[in-house]
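For reference, entry06.csv is printed below; it contains CSV, C-alpha atoms.
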```
chain,number,residue,atom,x,y,z
A,7,SER,CA,10.2,11.8,-12.6
A,8,ILE,CA,10.1,9.4,-9.7
A,9,PRO,CA,7.1,7.3,-8.7
A,10,ARG,CA,4.7,8.4,-5.9
A,11,ILE,CA,4.7,6.2,-2.8
A,12,LEU,CA,1.2,5.4,-1.4
A,13,PHE,CA,0.4,3.6,1.8
A,14,LEU,CA,-3.0,1.9,1.7
A,15,ALA,CA,-4.7,1.8,5.1
A,16,VAL,CA,-7.3,-1.0,5.1
A,17,ASP,CA,-8.8,-0.4,8.5
A,18,PRO,CA,-10.2,3.1,8.2
A,19,ALA,CA,-11.8,3.2,11.7
A,20,ARG,CA,-8.4,2.7,13.4
A,21,ASP,CA,-6.0,3.9,10.7
A,22,LYS,CA,-7.5,7.2,9.6
A,23,PRO,CA,-7.0,9.0,12.9
A,24,VAL,CA,-3.3,8.1,13.0
A,25,LEU,CA,-2.4,8.0,9.3
A,26,LYS,CA,-0.9,11.5,9.3
A,27,GLU,CA,1.3,10.8,12.3
A,28,TYR,CA,2.5,7.5,10.8
A,29,LEU,CA,3.4,9.2,7.5
A,30,GLY,CA,5.5,11.6,9.5
A,31,TYR,CA,8.1,8.8,9.8
A,32,PHE,CA,8.6,8.7,6.0
A,33,HIS,CA,9.5,11.1,3.2
A,34,PRO,CA,7.2,14.1,3.1
A,35,GLN,CA,5.9,13.3,-0.4
A,36,TYR,CA,4.6,9.8,0.6
A,37,LEU,CA,0.8,9.7,0.7
A,38,GLY,CA,-1.6,7.6,2.8
A,39,ILE,CA,-4.9,6.6,1.4
A,40,THR,CA,-7.9,4.7,2.7
A,41,GLY,CA,-11.6,4.5,1.9
A,42,SER,CA,-14.8,2.8,2.6
A,43,HIS,CA,-14.8,-1.0,3.0
A,44,LYS,CA,-16.5,-1.2,-0.4
A,45,GLN,CA,-13.9,1.0,-2.1
A,46,LEU,CA,-11.0,-0.9,-0.3
A,47,GLY,CA,-12.5,-4.2,-1.4
A,48,ARG,CA,-12.5,-3.2,-5.1
A,49,LEU,CA,-9.0,-1.8,-5.0
A,50,VAL,CA,-7.5,-4.8,-3.1
A,51,LYS,CA,-9.2,-7.2,-5.5
A,52,SER,CA,-7.8,-5.3,-8.5
A,53,LEU,CA,-4.3,-5.7,-6.9
A,54,LYS,CA,-4.9,-9.4,-6.5
A,55,ALA,CA,-4.4,-8.9,-2.8
A,56,PHE,CA,-6.5,-9.5,0.3
A,57,TYR,CA,-7.2,-8.1,3.8
A,58,ARG,CA,-9.5,-9.1,6.6
A,59,LEU,CA,-10.3,-7.5,9.9
A,60,ASP,CA,-10.2,-10.5,12.2
A,61,LYS,CA,-12.9,-9.4,14.6
A,62,LYS,CA,-14.4,-12.0,16.9
A,63,THR,CA,-17.6,-9.8,17.4
A,64,ASP,CA,-18.9,-6.7,15.8
A,65,ASP,CA,-17.8,-4.5,18.7
A,66,ASP,CA,-14.4,-6.2,19.1
A,67,VAL,CA,-11.7,-3.5,19.4
A,68,ASN,CA,-8.7,-5.8,20.0
A,69,TYR,CA,-8.5,-7.5,16.7
A,70,ASP,CA,-5.8,-8.3,14.1
A,71,VAL,CA,-5.7,-7.0,10.6
A,72,LEU,CA,-4.6,-9.7,8.2
A,73,HIS,CA,-3.3,-8.6,4.8
A,74,THR,CA,-0.9,-9.4,2.0
A,75,ALA,CA,2.5,-7.9,2.4
A,76,PHE,CA,3.7,-7.3,-1.1
A,77,VAL,CA,4.3,-3.9,-2.7
A,78,SER,CA,2.6,-3.2,-6.1
A,79,ILE,CA,4.3,-1.0,-8.6
A,80,ILE,CA,1.6,0.7,-10.7
A,81,ASN,CA,2.2,3.0,-13.6
A,82,PRO,CA,0.1,6.2,-14.2
A,83,GLN,CA,-2.1,4.2,-16.5
A,84,GLY,CA,-3.2,2.1,-13.6
A,85,GLU,CA,-1.3,-1.0,-14.8
A,86,ILE,CA,0.6,-3.2,-12.3
A,87,VAL,CA,4.1,-3.3,-13.7
A,88,ALA,CA,5.8,-5.3,-10.9
A,89,LYS,CA,5.3,-6.7,-7.4
A,90,ILE,CA,7.9,-6.9,-4.7
A,91,SER,CA,7.4,-9.6,-2.0
A,92,PRO,CA,9.1,-9.9,1.4
A,93,PRO,CA,11.7,-10.1,2.7
A,94,PHE,CA,12.5,-6.5,1.7
A,95,HIS,CA,16.2,-6.1,1.6
A,96,PRO,CA,16.9,-2.3,1.4
A,97,HIS,CA,19.8,-2.5,-1.0
A,98,ARG,CA,18.3,-5.1,-3.3
A,99,THR,CA,15.0,-3.4,-3.3
A,100,ALA,CA,16.6,0.0,-4.1
A,101,GLU,CA,18.6,-1.5,-7.0
A,102,TYR,CA,15.5,-3.2,-8.4
A,103,LEU,CA,13.4,0.0,-8.1
A,104,THR,CA,16.2,2.0,-9.8
A,105,LEU,CA,16.2,-0.4,-12.7
A,106,LEU,CA,12.4,-0.4,-12.9
A,107,ILE,CA,12.2,3.5,-12.9
A,108,ARG,CA,14.6,3.6,-15.8
A,109,GLN,CA,12.4,1.2,-17.8
A,110,VAL,CA,9.0,2.5,-17.0
A,111,SER,CA,7.7,6.0,-17.4
A,112,PHE,CA,6.0,7.3,-14.2
A,113,ASP,CA,5.2,10.7,-15.7
A,114,ASP,CA,1.6,11.7,-15.4
```
If you convert what's in this file into C-alpha cells, what do you get?
Amino acid sequence: SIPRILFLAVDPARDKPVLKEYLGYFHPQYLGITGSHKQLGRLVKSLKAFYRLDKKTDDDVNYDVLHTAFVSIINPQGEIVAKISPPFHPHRTAEYLTLLIRQVSFDD
C-alpha cells in the first residue's frame, strides 16, 4: 500500500477553521491534523522539528508562524525512516519517494 499523507497544522486557532478547505486542494485521501499546544509540542519535539507563533502580544492576530520546512517520512511503527528538505523538486521528490516506498513497508 502507499503511505498516508498528513499535514500538521501548528496554529490550531487559525488553522483548524480553514484546514478542511485547504485540504480540498490536494488528493482526497490526504489528512490534516492539529492538537493542543501541549500535544503539538510533544509531536514536533519527537520529529526533531520546531515551531513558534511569533506573537508580539497575547492578543496579536497579525503574527507569523515560524516552523521547520522538512517532510518526515514515518513508518506505521512510528519510526522516522527519512526526511526530505527543501527545495522540493517534484520529479526528484517523486523518484525518491517511489524508491522509499519499495524499500519500506507502509502497511498497517
What does the distance from CA of Leu12 (chain A) to CA of Leu37 (chain A) come to in Å, to one decimal?
4.8 Å
List as a CSV table (one decimal) with C-alpha atoms, in the coordinates of the input the protein and nucleic acid residues near Lys61 (chain A), meaning an atom at most 10 Å away when all atoms listed in the file are counted, but skip any in the same chain fewer than 5 places from it.
```csv
chain,number,residue,atom,x,y,z
A,66,ASP,CA,-14.4,-6.2,19.1
A,67,VAL,CA,-11.7,-3.5,19.4
A,68,ASN,CA,-8.7,-5.8,20.0
A,69,TYR,CA,-8.5,-7.5,16.7
A,70,ASP,CA,-5.8,-8.3,14.1
A,71,VAL,CA,-5.7,-7.0,10.6
```
Of the candidates A:Pro96, A:Pro23, A:Gly38, A:Gly47, which shows the shortest atom-to-atom distance to Arg10 (chain A), using all atoms listed in the file?
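Comparing A:Pro96, A:Pro23, A:Gly38, A:Gly47 against Arg10 (chain A), the winner is A:Gly38.
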Pick the closest to Asp17 (chain A) from A:His73, A:Lys89, A:Lys54, A:Arg48: which is it, counting all atoms listed in the file?
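Distance minimum relative to Asp17 (chain A) lands on A:His73.
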Please provide as a ChimeraX atom specification all residues within 10 Å of Leu14 (chain A), with the sequence filter that same-chain residues fewer than 2 positions apart are discarded (counting only C-alpha atoms).
/A:11-12,16-18,21,25,37-41,46,49-50
Atomic separation - CA of Val87 (chain A) relative to CA of Gln45 (chain A), Å
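These two atoms are separated by 21.8 Å.
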Computed gap from CA of Ile90 (chain A) to CA of Phe56 (chain A) is 15.5 Å
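Proximity ranking of A:Thr74, A:Ser91, A:Asn81, A:Ser52 relative to Leu106 (chain A) places A:Asn81 first, based on all atoms listed in the file.
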